[in-house]
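> Could you have a look at this structure, given as structure tokens, before my questions?
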Amino acid sequence: MDGNGRWAQSRGLPRIKGHEQGSQAVGECVEGCLESGVEFLTLYAFSSENWKRPAAEIQGLMLLLERFLEQKTRQMIDKGIRLRAIGRLDELPAPCRDRLERSIAATAAGSRLTLTLALSYSGRAEIVDAVRAIVREARATPALTEDQITPELIGAHLYTHDLPDPDLLIRTSGELRLSNFLLWQLSYTEIHVTPKFWPDFTRADLADALADYARRHRRFGGV
Ligand code: FPP
């Protein structure tokens with residue numbers, strides 16, 4: 001959800017105003033997914049690298065997240081949205097984590113859209129955590145052999161073990177890099193880049209991205 005800071009700066013506003021507007025755009029994008037029949041939406045809300053930002057901005061973002069969950073959990077239940085989170089969630093402040101856990105539990109029965117928030121997330125850290133979990137299991141199960149280390153085994157130990165690999169990555173604010181997002185899972189994902197800052201991203205932009213995706217010919221390395 002890139003471009004919140006630039007959206008605010010271009011209006012002479014503090015960066016947190018961009019994040020506030022960005023959380024409104026989350027609602028818009030979720031509605032667009034429900035309308036279009038998208039079943040999985042994963043939002044990169046806070047990266048491991050974002051901890052390097054000024055303390056006031058981090059605090060503001062965590063409060064925004066709590067507020068968002070407080071205000072939207074009822075609607076998520078009513079609309080059939082199942083909330084999940086990926087990342088090193090133990091690094092989040094306790095009130096934020098508690099709120100998140102409550103919203104995840106409350107929405108567990110949702111079956112229309114799985115909304116995953118990537119929080120304190122890093123694609124490399126996710127792979128490191130998966131390898132650590134496999135090594136722990138290998139110690140407990142010495143029968144695990146080298147040739148049992150497969151892409152499926154690694155995938156089963158990622159935070160996203162119960163999610164399909166993304167079909168489409170939407171990158172806002174014209175950025176042309178992956179920024180440590182879902183490094184394993186994006187291997188064959190189609191990429192759509194829009195110059196719009198995230199707070200300006202509307203369901204019409206989502207529809208454009210989906211139409212762009214529909215024109216792609218996916219070959220997964222084949223012919
Ligand atoms: C990146 O833009 C955005 C973030 C680091 C935070 C995204 C968070 C929200 C939209 C709100 C909270 C989340 C939810 C799910 C309600 P940037 O700050 O790097 O912008 P810039 O590149 O223009 O500086």
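Chains: A, B, ... in order of the structure tokens. Residues: from 1 per chain. Ligands: from 1, in order shown.
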Give me, as JSON, numbers by chain, the residues of stretch 12-100 of chain A that a backbone DSSP run labels helix (DSSP H, G or I).
{"A": [15, 16, 17, 18, 19, 20, 21, 22, 23, 24, 25, 26, 27, 28, 29, 30, 31, 32, 33, 34, 35, 36, 48, 49, 50, 51, 52, 55, 56, 57, 58, 59, 60, 61, 62, 63, 64, 65, 66, 67, 68, 69, 70, 71, 72, 73, 74, 75, 76, 77, 78, 79, 89, 90, 91, 94, 95, 96, 97, 98, 99, 100]}
> Using only C-alpha atoms and all ligand atoms, which residues of the polymer chains come no farther than 8 Å from ligand 1? I'd like the answer as number ranges by chain.
A: 1-8, 15, 18-26, 43-47, 50, 61-62, 64-69, 117, 173, 197-199
> Generate the output file for the selected residues, N, CA and C atoms, as an mmCIF file, in the first residue's frame.

```
data_model
loop_
_atom_site.group_PDB
_atom_site.id
_atom_site.type_symbol
_atom_site.label_atom_id
_atom_site.label_comp_id
_atom_site.auth_asym_id
_atom_site.auth_seq_id
_atom_site.Cartn_x
_atom_site.Cartn_y
_atom_site.Cartn_z
ATOM 1 N N MET A 1 0.871 -1.184 0.000
ATOM 2 C CA MET A 1 0.000 0.000 0.000
ATOM 3 C C MET A 1 0.902 1.226 0.000
ATOM 4 N N ASP A 2 1.645 1.385 -1.110
ATOM 5 C CA ASP A 2 2.702 2.384 -1.139
ATOM 6 C C ASP A 2 2.216 3.762 -1.585
ATOM 7 N N GLY A 3 2.834 4.791 -1.015
ATOM 8 C CA GLY A 3 2.559 6.151 -1.466
ATOM 9 C C GLY A 3 1.768 6.989 -0.466
ATOM 10 N N ASN A 4 1.510 6.438 0.722
ATOM 11 C CA ASN A 4 0.753 7.204 1.733
ATOM 12 C C ASN A 4 1.492 8.477 2.124
ATOM 13 N N GLY A 5 2.803 8.332 2.334
ATOM 14 C CA GLY A 5 3.604 9.478 2.759
ATOM 15 C C GLY A 5 3.618 10.559 1.697
ATOM 16 N N ARG A 6 3.823 10.145 0.425
ATOM 17 C CA ARG A 6 3.867 11.122 -0.668
ATOM 18 C C ARG A 6 2.506 11.758 -0.909
ATOM 19 N N TRP A 7 1.450 10.993 -0.721
ATOM 20 C CA TRP A 7 0.088 11.540 -0.856
ATOM 21 C C TRP A 7 -0.082 12.694 0.140
ATOM 22 N N ALA A 8 0.372 12.476 1.385
ATOM 23 C CA ALA A 8 0.222 13.506 2.424
ATOM 24 C C ALA A 8 1.139 14.698 2.136
ATOM 25 N N ARG A 15 2.668 12.894 7.444
ATOM 26 C CA ARG A 15 2.608 11.561 6.825
ATOM 27 C C ARG A 15 1.456 10.713 7.376
ATOM 28 N N GLY A 18 -1.676 10.621 5.535
ATOM 29 C CA GLY A 18 -1.654 9.727 4.372
ATOM 30 C C GLY A 18 -2.013 8.302 4.781
ATOM 31 N N HIS A 19 -1.507 7.885 5.936
ATOM 32 C CA HIS A 19 -1.839 6.538 6.412
ATOM 33 C C HIS A 19 -3.323 6.466 6.769
ATOM 34 N N GLU A 20 -3.862 7.547 7.345
ATOM 35 C CA GLU A 20 -5.301 7.560 7.675
ATOM 36 C C GLU A 20 -6.127 7.383 6.407
ATOM 37 N N GLN A 21 -5.763 8.171 5.392
ATOM 38 C CA GLN A 21 -6.485 8.070 4.121
ATOM 39 C C GLN A 21 -6.262 6.693 3.496
ATOM 40 N N GLY A 22 -5.051 6.163 3.721
ATOM 41 C CA GLY A 22 -4.721 4.819 3.217
ATOM 42 C C GLY A 22 -5.607 3.759 3.852
ATOM 43 N N SER A 23 -5.965 3.927 5.117
ATOM 44 C CA SER A 23 -6.815 2.893 5.724
ATOM 45 C C SER A 23 -8.249 2.991 5.192
ATOM 46 N N GLN A 24 -8.658 4.193 4.719
ATOM 47 C CA GLN A 24 -9.966 4.295 4.031
ATOM 48 C C GLN A 24 -9.916 3.514 2.706
ATOM 49 N N ALA A 25 -8.786 3.622 2.030
ATOM 50 C CA ALA A 25 -8.647 2.916 0.743
ATOM 51 C C ALA A 25 -8.691 1.402 0.930
ATOM 52 N N VAL A 26 -8.321 0.920 2.111
ATOM 53 C CA VAL A 26 -8.404 -0.523 2.382
ATOM 54 C C VAL A 26 -9.858 -0.968 2.245
ATOM 55 N N LEU A 43 -2.669 -7.716 2.051
ATOM 56 C CA LEU A 43 -2.225 -6.321 2.078
ATOM 57 C C LEU A 43 -0.928 -6.196 2.874
ATOM 58 N N TYR A 44 0.058 -5.546 2.250
ATOM 59 C CA TYR A 44 1.347 -5.342 2.930
ATOM 60 C C TYR A 44 1.207 -4.068 3.767
ATOM 61 N N ALA A 45 0.876 -4.245 5.031
ATOM 62 C CA ALA A 45 0.535 -3.106 5.888
ATOM 63 C C ALA A 45 1.726 -2.578 6.679
ATOM 64 N N PHE A 46 2.676 -3.459 7.019
ATOM 65 C CA PHE A 46 3.833 -3.000 7.812
ATOM 66 C C PHE A 46 4.957 -4.018 7.633
ATOM 67 N N SER A 47 6.077 -3.560 7.089
ATOM 68 C CA SER A 47 7.199 -4.485 6.843
ATOM 69 C C SER A 47 8.142 -4.499 8.044
ATOM 70 N N ASN A 50 9.965 -1.407 8.237
ATOM 71 C CA ASN A 50 9.240 -0.210 8.682
ATOM 72 C C ASN A 50 9.506 0.134 10.151
ATOM 73 N N LEU A 61 0.709 4.329 13.192
ATOM 74 C CA LEU A 61 0.262 3.218 12.337
ATOM 75 C C LEU A 61 -0.376 2.097 13.162
ATOM 76 N N MET A 62 0.230 1.812 14.321
ATOM 77 C CA MET A 62 -0.317 0.731 15.170
ATOM 78 C C MET A 62 -1.701 1.128 15.698
ATOM 79 N N LEU A 64 -3.768 3.200 14.216
ATOM 80 C CA LEU A 64 -4.678 3.135 13.059
ATOM 81 C C LEU A 64 -5.161 1.715 12.814
ATOM 82 N N LEU A 65 -4.235 0.790 12.939
ATOM 83 C CA LEU A 65 -4.575 -0.614 12.727
ATOM 84 C C LEU A 65 -5.586 -1.067 13.783
ATOM 85 N N GLU A 66 -5.322 -0.716 15.043
ATOM 86 C CA GLU A 66 -6.258 -1.085 16.122
ATOM 87 C C GLU A 66 -7.638 -0.496 15.858
ATOM 88 N N ARG A 67 -7.641 0.794 15.484
ATOM 89 C CA ARG A 67 -8.904 1.487 15.248
ATOM 90 C C ARG A 67 -9.665 0.825 14.087
ATOM 91 N N PHE A 68 -8.902 0.514 13.028
ATOM 92 C CA PHE A 68 -9.497 -0.139 11.851
ATOM 93 C C PHE A 68 -10.175 -1.446 12.279
ATOM 94 N N LEU A 69 -9.468 -2.239 13.091
ATOM 95 C CA LEU A 69 -10.013 -3.544 13.487
ATOM 96 C C LEU A 69 -11.229 -3.365 14.394
ATOM 97 N N LEU A 117 -3.452 -9.628 6.444
ATOM 98 C CA LEU A 117 -2.617 -8.443 6.673
ATOM 99 C C LEU A 117 -1.190 -8.907 6.928
ATOM 100 N N SER A 173 1.903 3.608 -6.518
ATOM 101 C CA SER A 173 2.874 4.719 -6.526
ATOM 102 C C SER A 173 4.068 4.473 -7.450
ATOM 103 N N PHE A 197 -1.008 6.890 -5.921
ATOM 104 C CA PHE A 197 -0.647 6.651 -4.529
ATOM 105 C C PHE A 197 -1.761 5.809 -3.895
ATOM 106 N N TRP A 198 -1.405 4.967 -2.917
ATOM 107 C CA TRP A 198 -2.391 4.057 -2.327
ATOM 108 C C TRP A 198 -3.665 4.777 -1.837
ATOM 109 N N PRO A 199 -3.595 5.941 -1.176
ATOM 110 C CA PRO A 199 -4.839 6.552 -0.695
ATOM 111 C C PRO A 199 -5.816 6.911 -1.824
#
```
> Using atom CA of A:His157 and atom CA of A:Trp184 as the two end points, give the distance in Å to one decimal.
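Separation of atom CA of A:His157 and atom CA of A:Trp184: 11.6 Å.
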> What is the atom CA of A:Ser111 to atom CA of A:Glu31 distance in Å?
14.8 Å
> Extract the full set of strand (DSSP E or B) residues from stretch 45-138 of chain A according to DSSP on the backbone, and format it as a list in words.
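Output for stretch 45-138 of chain A, strand (DSSP E or B) only: Ala45, Phe46, Ser47, Ile81, Arg82, Leu83, Arg84, Ala85, Ile86, Leu113, Thr114, Leu115, Thr116, Leu117, Ala118, Leu119, Ser120 and Tyr121 of chain A.
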> Write out as a PDB file with N, CA, C and O atoms, in the first residue's frame which residues come within 9 Å of A:Arg82 when counting only C-alpha atoms, dropping same-chain ones fewer than 3 positions away.

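Now in selection.pdb:
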```pdb
ATOM      1  N   MET A  76     -16.856  -7.091   8.859  1.00  0.00           N
ATOM      2  CA  MET A  76     -16.168  -8.239   8.244  1.00  0.00           C
ATOM      3  C   MET A  76     -16.972  -9.511   8.480  1.00  0.00           C
ATOM      4  O   MET A  76     -17.165 -10.314   7.567  1.00  0.00           O
ATOM      5  N   ILE A  77     -17.478  -9.673   9.701  1.00  0.00           N
ATOM      6  CA  ILE A  77     -18.287 -10.862  10.012  1.00  0.00           C
ATOM      7  C   ILE A  77     -19.522 -10.874   9.102  1.00  0.00           C
ATOM      8  O   ILE A  77     -19.824 -11.881   8.464  1.00  0.00           O
ATOM      9  N   ILE A 104      -9.314 -11.866  14.368  1.00  0.00           N
ATOM     10  CA  ILE A 104      -9.076 -13.112  13.617  1.00  0.00           C
ATOM     11  C   ILE A 104     -10.034 -14.202  14.115  1.00  0.00           C
ATOM     12  O   ILE A 104     -10.692 -14.882  13.319  1.00  0.00           O
ATOM     13  N   ALA A 105     -10.154 -14.324  15.439  1.00  0.00           N
ATOM     14  CA  ALA A 105     -11.038 -15.356  16.012  1.00  0.00           C
ATOM     15  C   ALA A 105     -12.498 -15.063  15.641  1.00  0.00           C
ATOM     16  O   ALA A 105     -13.242 -15.966  15.252  1.00  0.00           O
ATOM     17  N   ALA A 106     -12.884 -13.780  15.718  1.00  0.00           N
ATOM     18  CA  ALA A 106     -14.287 -13.416  15.480  1.00  0.00           C
ATOM     19  C   ALA A 106     -14.704 -13.649  14.031  1.00  0.00           C
ATOM     20  O   ALA A 106     -15.876 -13.894  13.755  1.00  0.00           O
ATOM     21  N   THR A 107     -13.749 -13.572  13.098  1.00  0.00           N
ATOM     22  CA  THR A 107     -14.094 -13.674  11.671  1.00  0.00           C
ATOM     23  C   THR A 107     -13.763 -15.060  11.086  1.00  0.00           C
ATOM     24  O   THR A 107     -13.862 -15.245   9.867  1.00  0.00           O
ATOM     25  N   ALA A 108     -13.409 -16.000  11.952  1.00  0.00           N
ATOM     26  CA  ALA A 108     -12.877 -17.292  11.464  1.00  0.00           C
ATOM     27  C   ALA A 108     -13.838 -18.031  10.535  1.00  0.00           C
ATOM     28  O   ALA A 108     -13.405 -18.824   9.696  1.00  0.00           O
ATOM     29  N   ALA A 109     -15.144 -17.776  10.659  1.00  0.00           N
ATOM     30  CA  ALA A 109     -16.104 -18.540   9.842  1.00  0.00           C
ATOM     31  C   ALA A 109     -16.326 -17.917   8.455  1.00  0.00           C
ATOM     32  O   ALA A 109     -17.031 -18.497   7.625  1.00  0.00           O
ATOM     33  N   GLY A 110     -15.730 -16.768   8.187  1.00  0.00           N
ATOM     34  CA  GLY A 110     -15.940 -16.089   6.901  1.00  0.00           C
ATOM     35  C   GLY A 110     -15.484 -16.956   5.736  1.00  0.00           C
ATOM     36  O   GLY A 110     -14.422 -17.575   5.805  1.00  0.00           O
ATOM     37  N   SER A 111     -16.267 -16.973   4.663  1.00  0.00           N
ATOM     38  CA  SER A 111     -15.887 -17.853   3.549  1.00  0.00           C
ATOM     39  C   SER A 111     -15.925 -17.151   2.183  1.00  0.00           C
ATOM     40  O   SER A 111     -15.674 -17.771   1.159  1.00  0.00           O
ATOM     41  N   ARG A 112     -16.235 -15.846   2.158  1.00  0.00           N
ATOM     42  CA  ARG A 112     -16.271 -15.151   0.857  1.00  0.00           C
ATOM     43  C   ARG A 112     -14.915 -14.609   0.460  1.00  0.00           C
ATOM     44  O   ARG A 112     -14.505 -14.671  -0.690  1.00  0.00           O
ATOM     45  N   LEU A 113     -14.230 -14.003   1.413  1.00  0.00           N
ATOM     46  CA  LEU A 113     -12.922 -13.369   1.127  1.00  0.00           C
ATOM     47  C   LEU A 113     -11.983 -13.584   2.312  1.00  0.00           C
ATOM     48  O   LEU A 113     -12.364 -13.326   3.456  1.00  0.00           O
ATOM     49  N   THR A 114     -10.791 -14.069   2.029  1.00  0.00           N
ATOM     50  CA  THR A 114      -9.757 -14.158   3.064  1.00  0.00           C
ATOM     51  C   THR A 114      -8.883 -12.921   2.946  1.00  0.00           C
ATOM     52  O   THR A 114      -8.221 -12.722   1.922  1.00  0.00           O
ATOM     53  N   LEU A 115      -8.938 -12.088   3.968  1.00  0.00           N
ATOM     54  CA  LEU A 115      -8.156 -10.848   3.990  1.00  0.00           C
ATOM     55  C   LEU A 115      -6.957 -11.059   4.906  1.00  0.00           C
ATOM     56  O   LEU A 115      -7.114 -11.268   6.106  1.00  0.00           O
ATOM     57  N   THR A 116      -5.780 -11.040   4.304  1.00  0.00           N
ATOM     58  CA  THR A 116      -4.568 -11.282   5.085  1.00  0.00           C
ATOM     59  C   THR A 116      -3.779  -9.990   5.223  1.00  0.00           C
ATOM     60  O   THR A 116      -3.477  -9.338   4.221  1.00  0.00           O
TER      61      THR A 116
END
```
> For A:Leu186, which residue among A:Ile81, A:Asp205, A:Pro164, A:Val135 is the nearest when counting only C-alpha atoms?
A:Pro164
> Which of these residues is nearest to A:Val30, using only C-alpha atoms: A:Glu190, A:Gly221, A:Ala207, A:Leu163?
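Counting only C-alpha atoms, the residue closest to A:Val30 is A:Ala207.
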> Please build the interface table for stretch 148-218 of chain A against stretch 84-97 of chain A with a cut-off of 12 Å, listing for each qualifying residue the nearest atom pair and the distance in Å to one decimal; count only C-alpha atoms, order rows by chain and increasing number, and write it as a tab-separated table.

```
residue	atom	partner	partner_atom	distance
A:Leu158	CA	A:Ile86	CA	9.3
A:Tyr159	CA	A:Ile86	CA	5.8
A:Thr160	CA	A:Ile86	CA	7.2
A:His161	CA	A:Ile86	CA	10.4
A:Asp162	CA	A:Arg84	CA	10.4
A:Leu163	CA	A:Arg84	CA	10.2
A:Asn180	CA	A:Gly87	CA	11.7
A:Phe181	CA	A:Gly87	CA	10.5
A:Leu182	CA	A:Ile86	CA	10.2
```
> How would the residues just chosen look if you wrote them out with C-alpha atoms as a compact mmCIF listing (two decimals), in the first residue's frame?

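The resulting file, out-v7.txt, is shown below:
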```txt
# COMPACT_ATOMS: atom_id res chain seq x y z
CA LEU A 158 5.58 -20.65 5.26
CA TYR A 159 3.17 -18.27 7.03
CA THR A 160 1.00 -18.62 3.91
CA HIS A 161 0.76 -22.44 4.08
CA ASP A 162 -3.05 -22.27 3.80
CA LEU A 163 -3.19 -19.60 1.06
CA ASN A 180 10.74 -8.09 0.50
CA PHE A 181 7.10 -9.09 -0.08
CA LEU A 182 6.10 -12.79 -0.45
```
> Would you list the contacts of A:Gly174 as a list in words, taking every protein, DNA or RNA residue within 7 Å and counting only C-alpha atoms, but skipping same-chain residues closer than 2 positions in sequence?
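Near neighbours after the sequence-gap exclusion: Arg171, Thr172, Leu176, Val193, Thr194 and Pro195 of chain A.
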